[in-house]
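Novice: Here it is, the structure, as structure tokens.
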Amino acid sequence: MRADGRRLKNTDPMYRVAAHIMDKRVDSMNMTTIDIPYQPIQDYVNKKRKEGISVSHMSIIIAAYIRTMAKYPELNRFIVNKKVYLRNEIAVGMVVLQSLESHEGTMSKMYFDKANTVFDVNDTINKYVAENREAPE
């Protein structure tokens, strides 16, 4: 029993085999490069600003990440002791600088629900940044 996820017992056999083949953390590391088109995001941000709503580019990208995790929960799995688990939450880690002059920052996670909209995400990020900028140095 883990607090951060629940064990999946009826998974694809390939998941169980992969846990034995890729037994080190770096063995299972996957990377990809994704080119995200800037202009549609900028058009959306400009449209919302004209409506009086401030939305950041980061909010849109994180909201897309949350939608992806909600649609494909297989991406939100992890393996411990060769057992497959599904995470209970969708979390995003972010570093917030204390000030623009300082290189000191704080790092922690923001937690989201899979039903969050881009506006919910934007509010969470703004609250997170405000709280971490006010944190004592």
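By convention here, the chains of the structure tokens are called A, B, ... in the order presented, each chain's residues are numbered starting at 1, and ligands are numbered starting at 1 in the order presented.
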Give me, as a ChimeraX atom specification, all polymer residues having an atom no more than 9 Å from Asn122 (chain A), counting only C-alpha atoms and skipping those fewer than 5 positions away in the same chain.

Specialist: /A:54-56,58-60,62-63,117,127

Novice: Going by DSSP on the backbone, which residues of chain A come out as strand (DSSP E or B)? List them as a ChimeraX atom specification.

Specialist: /A:5-7,77-80,83-87,90-97,105-112

Novice: With only C-alpha atoms as the atoms that count, which of A:Leu97, A:Val121, A:Val129, A:Met107 lies nearest to Ala64 (chain A)?

Specialist: A:Val121

Novice: Set the distance at 12 Å and use only C-alpha atoms: which residues neighbour region 33-39 of chain A once local chain neighbours fewer than 2 positions away are removed? I'd like the list as a list of chain:residue names.

Specialist: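 Result of the neighbour search: A:Asn30, A:Met31, A:Ile41, A:Gln42, A:Asp43, A:Tyr44, A:Val45, A:Asn46, A:His57, A:Met58, A:Ile60, A:Ile61, A:Ala64.
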
Novice: Take CA of Gly105 (chain A) and CA of Asn126 (chain A) and report the distance between them in Å, one decimal.

Specialist: 15.8 Å

Novice: Just the number, please: distance in Å from CA of Gln98 (chain A) to CA of Ile125 (chain A), one decimal.

Specialist: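 That distance, rounded to one decimal, is 15.0 Å.
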
Novice: Produce a table with one row for each residue of region 73-123 of chain A that has an atom at most 12 Å from any atom of region 11-25 of chain A, each row naming the nearest atom pair and its distance in Å at one decimal; use only C-alpha atoms; arrange rows by chain and rising residue number; format as CSV.

Specialist:
```
residue,atom,partner,partner_atom,distance
A:Glu74,CA,A:Thr11,CA,10.1
A:Arg77,CA,A:Tyr15,CA,10.2
A:Phe78,CA,A:Ala19,CA,9.9
A:Ile79,CA,A:Ala19,CA,7.1
A:Val80,CA,A:Ala19,CA,8.7
A:Asn81,CA,A:Ala19,CA,8.4
A:Lys82,CA,A:Ala19,CA,5.0
A:Lys83,CA,A:Arg16,CA,7.2
A:Val84,CA,A:Tyr15,CA,7.3
A:Tyr85,CA,A:Thr11,CA,9.8
A:Leu86,CA,A:Thr11,CA,10.7
```

Novice: What would the file look like if the residues just selected were written as a PDB file, in the first residue's frame with C-alpha atoms?

Specialist:
```pdb
ATOM      1  CA  GLU A  74      -0.922   4.778 -18.680  1.00  0.00           C
ATOM      2  CA  ARG A  77       2.316   5.031 -13.956  1.00  0.00           C
ATOM      3  CA  PHE A  78       5.451   4.175 -12.023  1.00  0.00           C
ATOM      4  CA  ILE A  79       7.259   1.019 -10.932  1.00  0.00           C
ATOM      5  CA  VAL A  80       8.558   0.189  -7.443  1.00  0.00           C
ATOM      6  CA  ASN A  81      10.060  -3.180  -6.545  1.00  0.00           C
ATOM      7  CA  LYS A  82       9.055  -4.511  -9.961  1.00  0.00           C
ATOM      8  CA  LYS A  83       5.384  -3.758  -9.295  1.00  0.00           C
ATOM      9  CA  VAL A  84       3.302  -1.367 -11.446  1.00  0.00           C
ATOM     10  CA  TYR A  85       1.414   1.496  -9.761  1.00  0.00           C
ATOM     11  CA  LEU A  86      -0.955   4.179 -11.014  1.00  0.00           C
TER      12      LEU A  86
END
```

Novice: How many Å separate CA of Met1 (chain A) from CA of Glu89 (chain A)?

Specialist: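 So the answer is 15.5 Å.
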
Novice: Mind checking DSSP for chain A and telling me the helix (DSSP H, G or I) residues as a tab-separated table (two decimals) with N, CA and C atoms, in the first residue's frame?

Specialist:
```tsv
chain	number	residue	atom	x	y	z
A	13	PRO	N	1.15	-7.88	-19.78
A	13	PRO	CA	2.34	-8.62	-19.35
A	13	PRO	C	3.66	-7.92	-19.72
A	14	MET	N	3.65	-7.09	-20.75
A	14	MET	CA	4.86	-6.39	-21.14
A	14	MET	C	5.34	-5.46	-20.03
A	15	TYR	N	4.41	-4.85	-19.28
A	15	TYR	CA	4.78	-3.99	-18.15
A	15	TYR	C	5.53	-4.79	-17.09
A	16	ARG	N	5.04	-5.98	-16.82
A	16	ARG	CA	5.68	-6.81	-15.79
A	16	ARG	C	7.06	-7.29	-16.24
A	17	VAL	N	7.18	-7.64	-17.51
A	17	VAL	CA	8.47	-8.08	-18.04
A	17	VAL	C	9.46	-6.91	-18.07
A	18	ALA	N	8.99	-5.75	-18.50
A	18	ALA	CA	9.87	-4.57	-18.61
A	18	ALA	C	10.45	-4.19	-17.25
A	19	ALA	N	9.70	-4.39	-16.19
A	19	ALA	CA	10.21	-4.06	-14.86
A	19	ALA	C	11.42	-4.92	-14.49
A	20	HIS	N	11.51	-6.10	-15.05
A	20	HIS	CA	12.64	-6.99	-14.78
A	20	HIS	C	13.81	-6.72	-15.73
A	21	ILE	N	13.50	-6.34	-16.96
A	21	ILE	CA	14.55	-6.07	-17.94
A	21	ILE	C	15.22	-4.73	-17.66
A	25	ARG	N	16.91	2.83	-12.83
A	25	ARG	CA	16.11	4.00	-13.18
A	25	ARG	C	16.46	4.56	-14.55
A	26	VAL	N	17.76	4.61	-14.87
A	26	VAL	CA	18.18	5.18	-16.14
A	26	VAL	C	17.85	4.28	-17.32
A	27	ASP	N	17.64	2.99	-17.08
A	27	ASP	CA	17.28	2.08	-18.16
A	27	ASP	C	15.93	2.43	-18.77
A	28	SER	N	15.04	2.90	-17.95
A	28	SER	CA	13.67	3.14	-18.41
A	28	SER	C	13.42	4.60	-18.77
A	38	TYR	N	4.04	27.95	-31.59
A	38	TYR	CA	3.88	29.11	-30.72
A	38	TYR	C	2.66	29.95	-31.10
A	39	GLN	N	2.45	30.15	-32.39
A	39	GLN	CA	1.44	31.11	-32.84
A	39	GLN	C	0.02	30.79	-32.37
A	40	PRO	N	-0.47	29.53	-32.43
A	40	PRO	CA	-1.83	29.28	-31.93
A	40	PRO	C	-1.98	29.58	-30.43
A	41	ILE	N	-0.93	29.30	-29.67
A	41	ILE	CA	-0.98	29.61	-28.23
A	41	ILE	C	-1.03	31.12	-28.04
A	42	GLN	N	-0.18	31.85	-28.78
A	42	GLN	CA	-0.16	33.32	-28.67
A	42	GLN	C	-1.50	33.92	-29.10
A	43	ASP	N	-2.11	33.39	-30.14
A	43	ASP	CA	-3.42	33.87	-30.58
A	43	ASP	C	-4.47	33.67	-29.49
A	44	TYR	N	-4.43	32.51	-28.82
A	44	TYR	CA	-5.37	32.23	-27.73
A	44	TYR	C	-5.14	33.18	-26.56
A	45	VAL	N	-3.87	33.39	-26.20
A	45	VAL	CA	-3.54	34.32	-25.10
A	45	VAL	C	-4.05	35.72	-25.42
A	46	ASN	N	-3.81	36.18	-26.65
A	46	ASN	CA	-4.26	37.51	-27.06
A	46	ASN	C	-5.78	37.63	-27.04
A	47	LYS	N	-6.46	36.58	-27.50
A	47	LYS	CA	-7.93	36.57	-27.50
A	47	LYS	C	-8.46	36.69	-26.08
A	48	LYS	N	-7.89	35.92	-25.16
A	48	LYS	CA	-8.34	35.96	-23.76
A	48	LYS	C	-8.02	37.31	-23.11
A	49	ARG	N	-6.87	37.89	-23.46
A	49	ARG	CA	-6.53	39.22	-22.91
A	49	ARG	C	-7.53	40.27	-23.36
A	50	LYS	N	-7.99	40.17	-24.61
A	50	LYS	CA	-9.00	41.11	-25.12
A	50	LYS	C	-10.32	40.94	-24.37
A	57	HIS	N	1.31	31.40	-21.03
A	57	HIS	CA	1.69	30.30	-21.91
A	57	HIS	C	1.92	29.03	-21.11
A	58	MET	N	2.55	29.18	-19.94
A	58	MET	CA	2.83	28.03	-19.08
A	58	MET	C	1.54	27.34	-18.66
A	59	SER	N	0.50	28.11	-18.38
A	59	SER	CA	-0.80	27.53	-18.00
A	59	SER	C	-1.38	26.69	-19.11
A	60	ILE	N	-1.23	27.15	-20.33
A	60	ILE	CA	-1.77	26.42	-21.47
A	60	ILE	C	-1.02	25.10	-21.66
A	61	ILE	N	0.30	25.14	-21.53
A	61	ILE	CA	1.11	23.93	-21.71
A	61	ILE	C	0.83	22.92	-20.59
A	62	ILE	N	0.75	23.41	-19.35
A	62	ILE	CA	0.46	22.50	-18.23
A	62	ILE	C	-0.96	21.94	-18.34
A	63	ALA	N	-1.91	22.77	-18.78
A	63	ALA	CA	-3.28	22.28	-18.97
A	63	ALA	C	-3.31	21.19	-20.05
A	64	ALA	N	-2.52	21.34	-21.10
A	64	ALA	CA	-2.43	20.30	-22.14
A	64	ALA	C	-1.83	19.02	-21.56
A	65	TYR	N	-0.83	19.18	-20.70
A	65	TYR	CA	-0.22	18.02	-20.03
A	65	TYR	C	-1.26	17.29	-19.17
A	66	ILE	N	-2.06	18.05	-18.43
A	66	ILE	CA	-3.09	17.46	-17.57
A	66	ILE	C	-4.14	16.73	-18.41
A	67	ARG	N	-4.56	17.33	-19.51
A	67	ARG	CA	-5.52	16.67	-20.41
A	67	ARG	C	-4.94	15.37	-20.94
A	68	THR	N	-3.64	15.38	-21.27
A	68	THR	CA	-2.99	14.17	-21.78
A	68	THR	C	-2.98	13.09	-20.71
A	69	MET	N	-2.64	13.45	-19.46
A	69	MET	CA	-2.63	12.47	-18.37
A	69	MET	C	-4.03	11.93	-18.11
A	70	ALA	N	-5.05	12.77	-18.26
A	70	ALA	CA	-6.43	12.33	-18.04
A	70	ALA	C	-6.88	11.38	-19.15
A	71	LYS	N	-6.47	11.66	-20.38
A	71	LYS	CA	-6.88	10.83	-21.51
A	71	LYS	C	-6.09	9.52	-21.59
A	73	PRO	N	-4.08	7.52	-18.98
A	73	PRO	CA	-3.58	7.30	-17.62
A	73	PRO	C	-2.35	6.38	-17.57
A	74	GLU	N	-2.10	5.65	-18.65
A	74	GLU	CA	-0.92	4.78	-18.68
A	74	GLU	C	0.37	5.59	-18.56
A	75	LEU	N	0.32	6.85	-18.97
A	75	LEU	CA	1.49	7.72	-18.88
A	75	LEU	C	1.79	8.15	-17.45
A	76	ASN	N	0.85	7.96	-16.56
A	76	ASN	CA	1.01	8.40	-15.17
A	76	ASN	C	1.25	7.20	-14.24
A	118	VAL	N	-8.01	25.21	-18.25
A	118	VAL	CA	-6.84	26.08	-18.36
A	118	VAL	C	-6.94	27.23	-17.35
A	119	PHE	N	-8.15	27.66	-17.03
A	119	PHE	CA	-8.32	28.76	-16.07
A	119	PHE	C	-8.03	28.29	-14.64
A	120	ASP	N	-8.43	27.07	-14.30
A	120	ASP	CA	-8.10	26.49	-13.00
A	120	ASP	C	-6.58	26.35	-12.86
A	121	VAL	N	-5.94	25.88	-13.91
A	121	VAL	CA	-4.49	25.72	-13.91
A	121	VAL	C	-3.81	27.07	-13.74
A	122	ASN	N	-4.30	28.08	-14.46
A	122	ASN	CA	-3.72	29.42	-14.37
A	122	ASN	C	-3.84	29.97	-12.95
A	123	ASP	N	-5.00	29.78	-12.32
A	123	ASP	CA	-5.19	30.24	-10.94
A	123	ASP	C	-4.25	29.52	-9.98
A	124	THR	N	-4.08	28.20	-10.16
A	124	THR	CA	-3.18	27.42	-9.31
A	124	THR	C	-1.74	27.90	-9.46
A	125	ILE	N	-1.31	28.14	-10.69
A	125	ILE	CA	0.07	28.60	-10.92
A	125	ILE	C	0.28	29.98	-10.32
A	126	ASN	N	-0.67	30.90	-10.52
A	126	ASN	CA	-0.53	32.25	-9.96
A	126	ASN	C	-0.46	32.22	-8.44
A	127	LYS	N	-1.30	31.40	-7.82
A	127	LYS	CA	-1.29	31.26	-6.36
A	127	LYS	C	0.04	30.66	-5.89
A	128	TYR	N	0.52	29.63	-6.58
A	128	TYR	CA	1.78	28.97	-6.25
A	128	TYR	C	2.96	29.95	-6.34
A	129	VAL	N	3.01	30.73	-7.41
A	129	VAL	CA	4.10	31.69	-7.59
A	129	VAL	C	4.04	32.77	-6.50
A	130	ALA	N	2.84	33.28	-6.22
A	130	ALA	CA	2.70	34.32	-5.19
A	130	ALA	C	3.14	33.80	-3.82
A	131	GLU	N	2.74	32.59	-3.48
A	131	GLU	CA	3.12	32.02	-2.18
A	131	GLU	C	4.63	31.80	-2.08
A	132	ASN	N	5.25	31.35	-3.15
A	132	ASN	CA	6.67	31.05	-3.12
A	132	ASN	C	7.55	32.30	-3.24
A	133	ARG	N	7.05	33.34	-3.84
A	133	ARG	CA	7.80	34.60	-3.90
A	133	ARG	C	7.81	35.28	-2.52
```

Novice: Pick from A:Lys109, A:Ala3, A:Ala115, A:Glu104: nearest to Val92 (chain A), with only C-alpha atoms counted?

Specialist: A:Lys109
